[in-house]
Amino acid sequence: MLLITNVETYTPTPVGRPDILLAGGRIERIAAGQRLPEGGGERVDGSGLVAVPGFIDGHVHVTGGGGEGGYATRTPELMLSDAIAGGITTIVGCLGTDGVTRSPEGLLAKARGLADEGLSTFIYTGHYAVPVQTITGSIERDLLLIDKVIGVGEVALSDHRSTQPTFDEFARVAAEARRGGILSGKAGVVNVHMGDGPRGLSLLRRIVAETEIPITQFLPTHINRNATLFEDGIAWAKSGGLVDFTTSTVPAFLAEGEVKSSAGLKRMLDAGVSIARITFTSDGQGSLPDFDAQGRLRRLEVGRVTSLFAEVRDAVQHEGVALEVALQTITSNPARILKLKGKGQLAAGADADLVLLDATTLAIRGVIAGGTWLMRDGQAQKKGTFEA
Ligand code: ZN
């Protein structure tokens, strides 16, 4: 048992300074005046700290991604330390452009490995391509038969790397995801990689207009990748759609018109989009080019999962978005949209996944996953199997 006393708490709704009692990997109680039972447990003074739900990163290339500049540009796998540094206790793994040298089976194995190391993990089946490459033969079967599969993606649209699915082909993907989701009690979300192409969200709009599939079946990501797509995303969200921002970036992308997630969040809220429709993900372990001042490729960088909370913090500290609002993009919203039970909120009965922030700087000081310390006083308490 672990008792954190007198800690400023955002569930993500602010609830003052209760005590938080953790037991058996769950949150036992959140209320002032909690005591540990006779002889049991550890007590931590939470003054000067802010307790928030463990972060959910809903789009991470945990087995590595990239490869779009040849074999040497395939990016490395995610290590446990990366997730700990970013306060991420729940990860949804996915494949990207490459579905040949990266497989959904490998993704499932990596997700299981990260779970063995202490995180909560899920995966999307498939990758950029349609027909979708699955584990058991269909999207529906993967959703029904493999616990970790919660949806399909990232399927690419409006991108030169897309397989350019037709209306019928893409509608079929969404229909299978929906059926599998309904039958398995999972979200069955279609995570859609949006490229830079001028078609934007038009194919998704047609599917919503011409079929019975609800708009919320789709979670288009990279919505902040350029100004045109961002504006399209505002209209999509205002008509009831979900939008996912990508937090990993490089200065060259921002200079070319990518919308920084923290500033984009403020802009969407000011435009009248409900916070409930917005999520952030890191696109961690994806490849990012790093250009010099003359525009020459210097080297490739790897997307970082630590960018996820960094953008939430920037939204609070530089854009004036309230912490309880910004936090929803990486806690309660992805938990609800992806139907991740026990995740994304601090409440009795929820999983004991917490992040402790410095109350002044909002730096990550502690990470608890399933009731176990992964970071304490700013120091990682665990390492991945092959980390030095
Ligand atoms: Zn993508």
# chains A, B, ... in the order shown; residues from 1 in each chain; ligands from 1

call {"tool": "closest_atom_pairs", "arguments": {"of": "chain A", "to": "ligand 1", "cutoff": "7 Å", "atoms": "only C-alpha atoms and all ligand atoms", "output": "tab-separated table"}}
result
residue	atom	partner	partner_atom_place_in_ligand_line	distance
A:Gly96	CA	ligand 1	1 (Zn)	6.1
A:Glu154	CA	ligand 1	1 (Zn)	6.2
A:His193	CA	ligand 1	1 (Zn)	4.4
A:Met194	CA	ligand 1	1 (Zn)	6.8
A:Thr221	CA	ligand 1	1 (Zn)	7.0
A:His222	CA	ligand 1	1 (Zn)	6.6

call {"tool": "closest_atom_pairs", "arguments": {"of": "range 281-382 of chain A", "to": "range 113-125 of chain A", "cutoff": "10 Å", "atoms": "only C-alpha atoms", "output": "Markdown table"}}
result
| residue | atom | partner | partner_atom | distance |
| --- | --- | --- | --- | --- |
| A:Leu338 | CA | A:Phe122 | CA | 9.9 |
| A:Leu340 | CA | A:Phe122 | CA | 9.2 |
| A:Lys343 | CA | A:Ser120 | CA | 9.3 |
| A:Asp351 | CA | A:Ser120 | CA | 9.9 |
| A:Asp353 | CA | A:Leu119 | CA | 9.3 |
| A:Ile368 | CA | A:Gly118 | CA | 9.6 |
| A:Ala369 | CA | A:Leu119 | CA | 6.5 |
| A:Gly370 | CA | A:Gly118 | CA | 7.5 |
| A:Gly371 | CA | A:Gly118 | CA | 9.8 |
| A:Thr372 | CA | A:Gly118 | CA | 8.0 |
| A:Trp373 | CA | A:Gly118 | CA | 9.6 |
| A:Leu374 | CA | A:Gly118 | CA | 8.2 |
| A:Lys382 | CA | A:Glu117 | CA | 8.4 |

call {"tool": "closest_residue", "arguments": {"among": "A:Ala350, A:Ala85, A:Ile207, A:Val60", "to": "Phe280 in chain A", "atoms": "only C-alpha atoms"}}
result
A:Val60

call {"tool": "closest_residue", "arguments": {"among": "A:Asp147, A:Glu301, A:Glu324, A:Glu68", "to": "Thr13 in chain A", "atoms": "only C-alpha atoms"}}
result
A:Glu324

call {"tool": "select_by_dssp", "arguments": {"residues": "range 173-275 of chain A", "states": "helix (DSSP H, G or I)", "output": "PyMOL selection string"}}
result
chain A and resi 173-184+202-210+215-217+227-238+251-255+261-270+275
